[in-house]
Amino acid sequence: MRLYSIVLLSFAIFACEKIVEFEDEVKDPKLTMNAIIVENELVVNLSESTTVLNSDPLPAIENGVVILYKNNQLFDTLVAQQNGTHLLDLEAEEGVNYQLEASAPLLKSVRAETYFPAKTLTILSVDTSY
């Protein structure tokens, strides 16, 4: 057992290490949109993409515009807050298709879409036994 421990310790101390250089290709930043409907409120956060080597938080887009469409009809413009966050009071309706369109200066606009089904299922019971 002691010999086994010495061999493992030797490998740990004298293990080889190879450094692989990673050359990150610099790309233009892209507009990113993260959205969620929580408790009758639509919350959208706009930020700018960055390199994988950057561990800092994503840069917030402070001057972006977010527009909400309901069944392909203009519904409302979200109110800008701070740190790239946009809010709108929204009671989501069943059977409705919602689209978001976000834009910011010097960045290509982005779109997102979600649909709330007309019927919801009621879970009567859950059985996890086999």
# chains A, B, ... in the order shown; residues from 1 in each chain; ligands from 1
>>> residues_around(residues="Val44 in chain A", least_positions_apart="5", cutoff="6 Å", atoms="only C-alpha atoms", output="PyMOL selection string")
chain A and resi 34-35+85-86
>>> closest_atom_pairs(of="range 16-43 of chain A", to="range 106-125 of chain A", cutoff="8 Å", atoms="only C-alpha atoms", output="CSV")
residue,atom,partner,partner_atom,distance
A:Pro29,CA,A:Leu107,CA,7.6
A:Lys30,CA,A:Leu107,CA,6.2
A:Leu31,CA,A:Leu107,CA,6.0
A:Thr32,CA,A:Val110,CA,7.5
A:Met33,CA,A:Val110,CA,7.5
>>> select_by_dssp(residues="range 4-76 of chain A", states="strand (DSSP E or B)", output="list of chain:residue names")
A:Leu31, A:Thr32, A:Met33, A:Asn34, A:Ala35, A:Ile36, A:Ile37, A:Val38, A:Glu41, A:Leu42, A:Val43, A:Val44, A:Asn45, A:Leu46, A:Ser47, A:Glu48, A:Ala60, A:Val65, A:Val66, A:Ile67, A:Leu68, A:Tyr69, A:Lys70, A:Gln73, A:Leu74, A:Phe75, A:Asp76
>>> closest_residue(among="A:Thr51, A:Thr128, A:Asn97, A:Ser103", to="Glu25 in chain A", atoms="only C-alpha atoms")
A:Thr51
>>> closest_residue(among="A:Pro105, A:Leu42, A:Tyr98, A:Glu91", to="Ile61 in chain A", atoms="only C-alpha atoms")
A:Pro105
>>> select_by_dssp(residues="chain A", states="helix (DSSP H, G or I)", output="MDAnalysis selection string")
chainID A and resid 2:14
>>> write_last_selection(atoms="N, CA, C and O atoms", output="short mmCIF file (atom, residue, chain, number, x, y, z; two decimals), in the first residue's frame")
data_model
loop_
_atom_site.label_atom_id
_atom_site.label_comp_id
_atom_site.auth_asym_id
_atom_site.auth_seq_id
_atom_site.Cartn_x
_atom_site.Cartn_y
_atom_site.Cartn_z
N ARG A 2 1.95 1.18 0.77
CA ARG A 2 2.84 2.34 0.84
C ARG A 2 3.51 2.60 -0.51
O ARG A 2 3.64 3.74 -0.93
N LEU A 3 3.91 1.53 -1.18
CA LEU A 3 4.52 1.67 -2.50
C LEU A 3 3.53 2.31 -3.49
O LEU A 3 3.90 3.17 -4.28
N TYR A 4 2.29 1.87 -3.39
CA TYR A 4 1.23 2.43 -4.24
C TYR A 4 1.08 3.93 -4.00
O TYR A 4 0.96 4.71 -4.94
N SER A 5 1.12 4.35 -2.76
CA SER A 5 1.01 5.77 -2.41
C SER A 5 2.20 6.56 -2.93
O SER A 5 2.05 7.68 -3.42
N ILE A 6 3.39 5.98 -2.84
CA ILE A 6 4.60 6.67 -3.33
C ILE A 6 4.53 6.84 -4.84
O ILE A 6 4.88 7.89 -5.37
N VAL A 7 4.07 5.82 -5.55
CA VAL A 7 3.96 5.90 -7.02
C VAL A 7 2.95 6.99 -7.41
O VAL A 7 3.21 7.81 -8.29
N LEU A 8 1.81 7.03 -6.74
CA LEU A 8 0.81 8.06 -7.03
C LEU A 8 1.34 9.46 -6.72
O LEU A 8 1.12 10.40 -7.49
N LEU A 9 2.04 9.60 -5.62
CA LEU A 9 2.63 10.88 -5.25
C LEU A 9 3.68 11.31 -6.28
O LEU A 9 3.77 12.47 -6.65
N SER A 10 4.45 10.36 -6.77
CA SER A 10 5.47 10.67 -7.79
C SER A 10 4.82 11.19 -9.06
O SER A 10 5.30 12.15 -9.68
N PHE A 11 3.72 10.54 -9.48
CA PHE A 11 3.03 11.01 -10.68
C PHE A 11 2.47 12.41 -10.48
O PHE A 11 2.49 13.24 -11.38
N ALA A 12 1.96 12.67 -9.29
CA ALA A 12 1.38 13.98 -9.02
C ALA A 12 2.44 15.07 -9.02
O ALA A 12 2.22 16.18 -9.51
N ILE A 13 3.62 14.77 -8.50
CA ILE A 13 4.69 15.77 -8.41
C ILE A 13 5.37 15.99 -9.75
O ILE A 13 5.65 17.11 -10.15
N PHE A 14 5.61 14.90 -10.48
CA PHE A 14 6.39 15.01 -11.71
C PHE A 14 5.55 14.88 -12.98
O PHE A 14 6.05 14.56 -14.04
#
>>> residues_around(residues="Gly84 in chain A", least_positions_apart="4", cutoff="6 Å", atoms="only C-alpha atoms", output="number ranges by chain")
A: 45-46, 60-62
>>> closest_residue(among="A:Leu87, A:Gly95, A:Tyr130, A:Leu58", to="Glu41 in chain A", atoms="only C-alpha atoms")
A:Leu87
>>> closest_residue(among="A:Ser49, A:Thr77, A:Ser55, A:Gln82", to="Gln99 in chain A", atoms="only C-alpha atoms")
A:Thr77
